[in-house]
file coords_7.cif (mmCIF, C-alpha atoms)
data_coords
#
loop_
_atom_site.label_atom_id
_atom_site.label_comp_id
_atom_site.auth_asym_id
_atom_site.auth_seq_id
_atom_site.Cartn_x
_atom_site.Cartn_y
_atom_site.Cartn_z
CA MET A 872 147.81 -87.20 -112.71
CA ARG A 873 150.99 -89.07 -113.38
CA THR A 874 154.14 -88.45 -111.46
CA THR A 875 157.46 -88.99 -113.14
CA GLY A 876 160.40 -90.65 -111.45
CA MET A 877 162.08 -87.28 -111.01
CA GLY A 878 158.94 -85.84 -109.45
CA ARG A 879 158.69 -88.75 -107.07
CA SER A 880 162.30 -88.20 -105.98
CA PHE A 881 161.75 -84.52 -105.42
CA ALA A 882 158.60 -85.20 -103.42
CA ALA A 883 160.47 -87.61 -101.18
CA LEU A 884 163.14 -85.01 -100.52
CA LEU A 885 160.50 -82.47 -99.56
CA VAL A 886 158.98 -84.89 -97.07
CA LEU A 887 162.41 -85.56 -95.59
CA ALA A 888 163.23 -81.86 -95.36
CA MET A 889 159.93 -81.11 -93.63
CA ALA A 890 160.58 -83.89 -91.12
CA CYS A 891 164.00 -82.57 -90.11
CA GLY A 892 163.25 -78.84 -90.44
CA CYS A 893 165.73 -78.50 -93.29
CA THR A 894 165.65 -76.00 -96.09
CA VAL A 895 165.63 -77.27 -99.70
CA ARG A 896 167.27 -75.10 -102.25
CA THR A 897 166.73 -75.92 -105.90
CA ALA A 898 168.72 -74.87 -108.89
CA ASP A 899 167.14 -72.45 -111.35
CA GLY A 900 166.05 -73.60 -114.75
CA ASP A 901 168.88 -73.87 -117.24
CA GLY A 902 166.86 -72.76 -120.29
CA ASP A 903 165.59 -76.11 -121.46
CA GLY A 904 162.30 -75.84 -119.49
CA LYS A 905 163.25 -78.59 -117.03
CA ARG A 906 163.70 -78.30 -113.26
CA ARG A 907 166.79 -79.70 -111.68
CA LEU A 908 166.93 -81.72 -108.43
CA PRO A 909 167.97 -79.76 -105.33
CA VAL A 910 171.63 -79.14 -105.17
CA ARG A 911 171.83 -79.18 -101.34
CA ILE A 912 169.85 -79.44 -98.17
CA GLU A 913 170.76 -76.92 -95.46
CA VAL A 914 170.52 -78.22 -91.91
CA PRO A 915 169.92 -75.43 -89.35
CA LYS A 916 172.60 -74.99 -86.77
CA ARG A 917 171.67 -75.86 -83.22
CA SER A 918 173.30 -74.80 -80.05
CA THR A 919 174.58 -77.69 -77.97
CA PRO A 920 172.40 -78.02 -74.86
CA PRO A 921 174.21 -78.18 -71.53
CA ALA A 922 175.01 -81.63 -70.34
CA ASP A 923 173.12 -80.84 -67.14
CA ASP A 924 170.21 -78.41 -67.10
CA ASP A 925 170.86 -77.68 -63.42
CA PRO A 926 174.61 -77.96 -62.97
CA LYS A 927 175.77 -78.13 -59.37
CA PRO A 928 178.62 -75.85 -58.34
CA SER A 929 181.92 -77.56 -57.97
CA ALA A 930 182.80 -78.19 -54.37
CA THR A 931 185.62 -75.96 -53.15
CA PRO A 932 187.37 -76.59 -49.87
CA SER A 933 186.36 -74.07 -47.19
CA ALA A 934 189.06 -71.74 -45.91
CA PRO A 935 190.50 -72.86 -42.58
CA SER A 936 189.28 -70.80 -39.62
CA ALA A 937 191.77 -68.28 -38.25
CA ALA A 938 193.85 -69.50 -35.35
CA PRO A 939 193.10 -67.76 -32.04
CA ALA A 940 195.43 -64.91 -31.11
CA ALA A 941 198.37 -65.95 -28.95
CA VAL A 942 198.06 -65.04 -25.26
CA LEU A 943 200.88 -62.85 -23.98
CA TRP A 944 199.90 -62.44 -20.31
CA SER A 945 197.08 -63.64 -18.10
CA ARG A 946 196.10 -63.78 -14.43
CA GLY A 947 198.98 -64.93 -12.25
CA ASP A 948 201.73 -63.50 -14.47
CA SER A 949 204.06 -60.79 -13.22
CA GLY A 950 206.96 -58.63 -14.34
CA ARG A 951 207.86 -55.46 -16.17
CA ASP A 952 205.62 -56.25 -19.19
CA VAL A 953 202.60 -56.56 -16.90
CA ARG A 954 203.52 -53.17 -15.41
CA GLU A 955 203.46 -51.66 -18.90
CA LEU A 956 200.10 -53.27 -19.62
CA GLN A 957 198.71 -51.80 -16.40
CA ALA A 958 200.21 -48.37 -17.09
CA ARG A 959 198.62 -48.28 -20.54
CA LEU A 960 195.26 -49.41 -19.13
CA ARG A 961 195.51 -46.51 -16.67
CA GLN A 962 196.05 -44.11 -19.58
CA VAL A 963 192.68 -45.09 -21.10
CA ALA A 964 190.94 -45.13 -17.68
CA TRP A 965 190.32 -48.88 -17.53
CA LEU A 966 192.52 -49.34 -14.46
CA TYR A 967 192.96 -47.05 -11.49
CA ASP A 968 195.16 -49.07 -9.14
CA GLY A 969 198.77 -49.96 -9.79
CA PRO A 970 200.80 -50.57 -11.75
CA THR A 971 201.83 -53.36 -9.43
CA GLY A 972 203.50 -55.73 -11.89
CA SER A 973 201.12 -58.53 -10.88
CA TYR A 974 198.31 -59.64 -13.23
CA ASP A 975 195.57 -59.73 -10.58
CA ASP A 976 191.77 -59.76 -10.64
CA LEU A 977 191.61 -55.99 -11.15
CA THR A 978 193.85 -56.22 -14.20
CA GLU A 979 191.83 -59.11 -15.62
CA ARG A 980 188.61 -57.14 -15.14
CA ALA A 981 190.14 -54.08 -16.83
CA VAL A 982 191.27 -56.15 -19.82
CA LYS A 983 187.78 -57.68 -20.17
CA GLY A 984 186.25 -54.21 -20.19
CA PHE A 985 188.71 -52.95 -22.79
CA GLN A 986 188.09 -56.01 -24.99
CA GLY A 987 184.31 -55.80 -24.77
CA LYS A 988 184.29 -52.08 -25.64
CA ARG A 989 186.15 -52.85 -28.86
CA GLY A 990 184.28 -55.96 -29.93
CA LEU A 991 187.04 -58.37 -28.98
CA PRO A 992 186.45 -61.66 -27.15
CA ARG A 993 186.07 -60.86 -23.42
CA THR A 994 188.64 -63.34 -22.14
CA GLY A 995 190.44 -61.13 -19.64
CA LYS A 996 193.69 -62.47 -21.13
CA THR A 997 195.97 -60.11 -23.00
CA ASP A 998 196.51 -61.64 -26.43
CA THR A 999 198.39 -60.18 -29.39
CA VAL A 1000 195.27 -58.54 -30.88
CA THR A 1001 194.27 -56.89 -27.57
CA TRP A 1002 197.83 -55.70 -26.95
CA LYS A 1003 198.10 -54.13 -30.42
CA ARG A 1004 194.80 -52.27 -30.00
CA LEU A 1005 195.88 -50.97 -26.59
CA LYS A 1006 199.31 -49.87 -27.85
CA ASP A 1007 197.71 -48.04 -30.80
CA MET A 1008 195.60 -46.02 -28.35
CA THR A 1009 198.31 -45.18 -25.79
CA ARG A 1010 201.85 -43.87 -25.47
CA GLU A 1011 205.00 -45.43 -24.08
CA PRO A 1012 204.80 -45.03 -20.28
CA GLY A 1013 207.65 -43.36 -18.44
CA LYS A 1014 209.57 -44.98 -15.59
CA TRP A 1015 207.49 -43.41 -12.81
CA GLU A 1016 204.27 -44.37 -14.57
CA LEU A 1017 205.46 -47.97 -14.49
CA TYR A 1018 206.34 -47.64 -10.79
CA LEU A 1019 203.65 -45.17 -9.81
CA MET A 1020 202.85 -47.15 -6.67
CA GLY A 1021 206.43 -48.20 -5.93
CA GLY A 1022 208.08 -51.57 -6.33
CA GLN A 1023 211.02 -50.29 -8.37
CA PRO A 1024 214.48 -51.82 -7.84
CA ALA A 1025 216.89 -49.95 -5.60
CA ASP A 1026 220.16 -48.64 -6.94
CA ALA A 1027 223.49 -49.40 -5.28
CA PRO A 1028 223.93 -47.94 -1.78
CA ASP A 1029 226.01 -44.84 -1.28
CA ALA A 1030 229.49 -45.48 0.13
CA ARG A 1031 228.51 -43.57 3.30
CA CYS A 1032 225.87 -46.24 3.99
CA LEU A 1033 228.27 -49.18 4.24
CA THR A 1034 229.12 -48.87 7.92
CA GLY A 1035 226.94 -48.75 11.01
CA ARG A 1036 223.16 -48.55 11.28
CA VAL A 1037 221.89 -46.44 8.39
CA LEU A 1038 218.69 -45.33 6.71
CA CYS A 1039 220.19 -45.09 3.20
CA ILE A 1040 217.82 -43.04 1.02
CA SER A 1041 218.30 -42.69 -2.76
CA LYS A 1042 216.55 -39.91 -4.68
CA THR A 1043 217.53 -41.56 -7.96
CA SER A 1044 215.74 -44.85 -7.43
CA ARG A 1045 213.32 -43.40 -4.84
CA THR A 1046 214.09 -46.13 -2.35
CA LEU A 1047 215.13 -46.45 1.28
CA ARG A 1048 217.46 -49.21 2.43
CA TRP A 1049 217.66 -50.04 6.11
CA MET A 1050 221.26 -51.23 6.42
CA ILE A 1051 223.34 -52.62 9.26
CA ASP A 1052 227.11 -52.89 8.73
CA GLY A 1053 226.78 -52.89 4.93
CA ARG A 1054 223.98 -55.46 4.84
CA THR A 1055 220.54 -54.47 3.52
CA VAL A 1056 217.86 -55.57 5.99
CA LYS A 1057 214.84 -53.95 4.34
CA THR A 1058 214.10 -51.96 1.17
CA VAL A 1059 211.00 -49.79 0.68
CA SER A 1060 209.79 -47.29 -1.90
CA VAL A 1061 209.78 -43.65 -0.78
CA ARG A 1062 208.55 -40.27 -2.00
CA PHE A 1063 210.17 -36.88 -1.49
CA GLY A 1064 209.30 -33.22 -1.21
CA SER A 1065 207.98 -31.19 -4.13
CA VAL A 1066 209.94 -28.50 -5.97
CA GLY A 1067 208.89 -25.83 -3.48
CA THR A 1068 209.70 -27.95 -0.42
CA PRO A 1069 212.56 -30.28 -1.39
CA THR A 1070 213.96 -32.99 0.83
CA ARG A 1071 217.44 -32.03 1.99
CA GLU A 1072 220.43 -34.18 0.98
CA GLY A 1073 223.39 -35.06 3.17
CA VAL A 1074 224.31 -37.09 6.24
CA PHE A 1075 222.04 -36.75 9.27
CA SER A 1076 220.95 -38.77 12.31
CA VAL A 1077 217.61 -39.66 13.82
CA TYR A 1078 217.06 -37.28 16.74
CA TRP A 1079 213.41 -37.92 17.61
CA LYS A 1080 210.78 -40.61 17.05
CA SER A 1081 207.03 -39.95 17.31
CA ARG A 1082 204.61 -42.83 16.72
CA HIS A 1083 201.39 -40.81 16.38
CA HIS A 1084 202.78 -37.48 15.23
CA VAL A 1085 200.66 -34.77 13.62
CA SER A 1086 202.32 -31.86 11.82
CA THR A 1087 201.79 -28.57 13.62
CA LEU A 1088 202.72 -26.69 10.42
CA TYR A 1089 200.44 -28.50 7.95
CA ASP A 1090 198.00 -30.13 10.39
CA SER A 1091 198.50 -33.51 8.69
CA PRO A 1092 199.18 -36.91 10.30
CA MET A 1093 202.77 -38.24 10.23
CA PRO A 1094 202.55 -41.77 11.72
CA TYR A 1095 205.81 -43.53 12.63
CA ALA A 1096 207.78 -40.29 12.24
CA MET A 1097 211.58 -40.48 12.59
CA PHE A 1098 212.93 -36.93 12.44
CA PHE A 1099 216.42 -36.37 10.99
CA SER A 1100 216.66 -32.71 9.81
CA GLY A 1101 214.55 -29.94 11.37
CA GLY A 1102 210.92 -30.78 10.61
CA GLN A 1103 211.82 -33.38 7.97
CA ALA A 1104 211.22 -37.00 8.91
CA VAL A 1105 210.79 -40.45 7.49
CA HIS A 1106 207.13 -41.41 8.05
CA TYR A 1107 204.11 -43.25 6.71
CA SER A 1108 201.92 -41.39 4.18
CA ALA A 1109 198.34 -42.41 3.44
CA ASP A 1110 198.39 -40.09 0.43
CA PHE A 1111 201.42 -41.89 -1.00
CA ALA A 1112 199.66 -45.21 -0.41
CA ALA A 1113 196.58 -43.94 -2.29
CA HIS A 1114 198.08 -41.89 -5.13
CA GLY A 1115 201.68 -43.01 -5.45
CA TYR A 1116 204.12 -40.67 -7.15
CA ALA A 1117 201.28 -38.52 -8.48
CA GLY A 1118 201.81 -36.38 -5.37
CA GLY A 1119 204.65 -35.23 -3.12
CA SER A 1120 205.50 -34.31 0.45
CA HIS A 1121 206.41 -31.04 2.15
CA GLY A 1122 210.01 -32.22 2.44
CA CYS A 1123 209.61 -35.43 4.40
CA VAL A 1124 210.51 -38.89 3.18
CA ASN A 1125 207.17 -40.67 2.69
CA VAL A 1126 206.74 -44.44 2.95
CA ARG A 1127 203.58 -46.04 1.47
CA ASP A 1128 203.94 -49.50 3.05
CA GLU A 1129 202.50 -49.11 6.56
CA ALA A 1130 203.60 -52.55 7.75
CA ALA A 1131 207.15 -51.87 6.54
CA ILE A 1132 207.44 -48.47 8.22
CA ALA A 1133 206.02 -49.94 11.44
CA GLY A 1134 208.80 -52.52 11.36
CA LEU A 1135 211.45 -49.88 10.71
CA PHE A 1136 210.12 -47.67 13.49
CA ALA A 1137 210.53 -50.57 15.91
CA GLN A 1138 214.15 -51.20 14.87
CA VAL A 1139 215.59 -47.73 14.28
CA ARG A 1140 217.06 -45.97 17.29
CA ASN A 1141 217.72 -42.37 18.06
CA GLY A 1142 221.25 -41.59 16.84
CA ASP A 1143 221.13 -43.97 13.84
CA LYS A 1144 222.54 -42.43 10.67
CA VAL A 1145 220.45 -41.11 7.80
CA VAL A 1146 222.03 -40.62 4.36
CA VAL A 1147 219.99 -38.86 1.64
CA HIS A 1148 221.76 -38.98 -1.72
CA TRP A 1149 221.29 -39.01 -5.47
#
call {"tool": "encode", "arguments": {"input": "coords_7.cif", "output": "structure tokens"}}
result
Amino acid sequence: MRTTGMGRSFAALLVLAMACGCTVRTADGDGDGKRRLPVRIEVPKRSTPPADDDPKPSATPSAPSAAPAAVLWSRGDSGRDVRELQARLRQVAWLYDGPTGSYDDLTERAVKGFQGKRGLPRTGKTDTVTWKRLKDMTREPGKWELYLMGGQPADAPDARCLTGRVLCISKTSRTLRWMIDGRTVKTVSVRFGSVGTPTREGVFSVYWKSRHHVSTLYDSPMPYAMFFSGGQAVHYSADFAAHGYAGGSHGCVNVRDEAAIAGLFAQVRNGDKVVVHW
């Protein structure tokens, strides 16, 4: 069988199309009984393969780790802010002593307990995060919560205290100044009678001292008692030492510092003046 030049050309195109996977489209006959050469070869579209079959994620810089919370107070610190910390710890039952205003081992232990309970680092140091959590759980403490166990500053002495030997006692600041000729020798925190048995105000004098006194009315010890008005006296109170201003007396002026009241008892004489004022 003979193949014409046109047939040979068409056959070559078919071979080429088969090799590349192309489609050959031919023109229809135009009425003269002859077949035309293909008018075009269609090349199938291919998607472009990725440059890397297993692309590696682009390296992104890691976020810097958060800076540790700033420490506000730690063991050895002191002051009014430490008192507030201790008062708030008392409100949530993590501290039972104080407030003393001194960041001691008991305070550090209480802070560690509070931190551990809330999933915070147990450092024992009060940082900004610990302080915020504690403030969110508590209320602003009042003055006598801050000074529950004493240590508050004394107010100015009454004018009647500026001459002679005087036990100058302020109900406003709850303090007793031992004064000689206008000079303050010693200042201690004191507690007064309750509403039903108030401590009397006015100018009195010490008329009797009793080192190991026991109340015949209430059958309670009154060590270092210095009586100034009827059965009311300045004396040491173990209850005041243990519970602070959470309690009250039966009218006496309680002192919680036993060493301080022992010193006063040794210095004060019968006849020395006592001024109880607001």
call {"tool": "atom_distance", "arguments": {"input": "coords_7.cif", "atom1": "CA of Trp1049 (chain A)", "atom2": "CA of Arg1127 (chain A)"}}
result
15.4 Å
call {"tool": "resolve_selection", "arguments": {"input": "coords_7.cif", "expression": "the PyMOL selection byres ((chain A and resi 1026-1029) around 9)", "output": "number ranges by chain"}}
result
A: 1024-1025, 1030-1033, 1039-1041, 1043-1046, 1048, 1053, 1146-1149
call {"tool": "residues_around", "arguments": {"input": "coords_7.cif", "residues": "Trp965 (chain A)", "least_positions_apart": "2", "cutoff": "7 Å", "atoms": "only C-alpha atoms", "output": "ChimeraX atom specification"}}
result
/A:960-961,963,967,981,985
call {"tool": "atom_distance", "arguments": {"input": "coords_7.cif", "atom1": "CA of Asp1090 (chain A)", "atom2": "CA of Phe1063 (chain A)"}}
result
18.3 Å
call {"tool": "residues_around", "arguments": {"input": "coords_7.cif", "residues": "region 1104-1106 of chain A", "least_positions_apart": "2", "cutoff": "8 Å", "atoms": "all atoms listed in the file", "output": "number ranges by chain"}}
result
A: 1093-1100, 1102, 1108, 1123-1126, 1132
call {"tool": "atom_distance", "arguments": {"input": "coords_7.cif", "atom1": "CA of Leu943 (chain A)", "atom2": "CA of Asp998 (chain A)"}}
result
5.2 Å
call {"tool": "resolve_selection", "arguments": {"input": "coords_7.cif", "expression": "the PyMOL selection byres ((chain A and resi 940) around 7)", "output": "ChimeraX atom specification"}}
result
/A:938-939,941-942,998-1000
call {"tool": "write_last_selection", "arguments": {"input": "coords_7.cif", "atoms": "C-alpha atoms", "output": "PDB file, in the coordinates of the input"}}
result
ATOM      1  CA  ALA A 938     193.850 -69.500 -35.350  1.00  0.00           C
ATOM      2  CA  PRO A 939     193.100 -67.760 -32.040  1.00  0.00           C
ATOM      3  CA  ALA A 941     198.370 -65.950 -28.950  1.00  0.00           C
ATOM      4  CA  VAL A 942     198.060 -65.040 -25.260  1.00  0.00           C
ATOM      5  CA  ASP A 998     196.510 -61.640 -26.430  1.00  0.00           C
ATOM      6  CA  THR A 999     198.390 -60.180 -29.390  1.00  0.00           C
ATOM      7  CA  VAL A1000     195.270 -58.540 -30.880  1.00  0.00           C
TER       8      VAL A1000
END
call {"tool": "closest_residue", "arguments": {"input": "coords_7.cif", "among": "A:Lys1042, A:Lys988, A:Lys996, A:Arg951", "to": "Ser973 (chain A)", "atoms": "all atoms listed in the file"}}
result
A:Arg951
call {"tool": "resolve_selection", "arguments": {"input": "coords_7.cif", "expression": "the PyMOL selection byres ((chain A and resi 983) around 12)", "output": "number ranges by chain"}}
result
A: 945-946, 960, 965-966, 976-982, 984-998, 1001
call {"tool": "write_last_selection", "arguments": {"input": "coords_7.cif", "atoms": "C-alpha atoms", "output": "CSV table (one decimal), in the frame of the given file"}}
result
chain,number,residue,atom,x,y,z
A,945,SER,CA,197.1,-63.6,-18.1
A,946,ARG,CA,196.1,-63.8,-14.4
A,960,LEU,CA,195.3,-49.4,-19.1
A,965,TRP,CA,190.3,-48.9,-17.5
A,966,LEU,CA,192.5,-49.3,-14.5
A,976,ASP,CA,191.8,-59.8,-10.6
A,977,LEU,CA,191.6,-56.0,-11.2
A,978,THR,CA,193.8,-56.2,-14.2
A,979,GLU,CA,191.8,-59.1,-15.6
A,980,ARG,CA,188.6,-57.1,-15.1
A,981,ALA,CA,190.1,-54.1,-16.8
A,982,VAL,CA,191.3,-56.2,-19.8
A,984,GLY,CA,186.2,-54.2,-20.2
A,985,PHE,CA,188.7,-53.0,-22.8
A,986,GLN,CA,188.1,-56.0,-25.0
A,987,GLY,CA,184.3,-55.8,-24.8
A,988,LYS,CA,184.3,-52.1,-25.6
A,989,ARG,CA,186.2,-52.8,-28.9
A,990,GLY,CA,184.3,-56.0,-29.9
A,991,LEU,CA,187.0,-58.4,-29.0
A,992,PRO,CA,186.4,-61.7,-27.2
A,993,ARG,CA,186.1,-60.9,-23.4
A,994,THR,CA,188.6,-63.3,-22.1
A,995,GLY,CA,190.4,-61.1,-19.6
A,996,LYS,CA,193.7,-62.5,-21.1
A,997,THR,CA,196.0,-60.1,-23.0
A,998,ASP,CA,196.5,-61.6,-26.4
A,1001,THR,CA,194.3,-56.9,-27.6
call {"tool": "closest_residue", "arguments": {"input": "coords_7.cif", "among": "A:Asp1128, A:Glu1016, A:Asp1052, A:Glu1072", "to": "Asp968 (chain A)", "atoms": "only C-alpha atoms"}}
result
A:Glu1016
call {"tool": "closest_residue", "arguments": {"input": "coords_7.cif", "among": "A:Arg1054, A:Asp975, A:His1121, A:Thr1009", "to": "Ser949 (chain A)", "atoms": "all atoms listed in the file"}}
result
A:Asp975
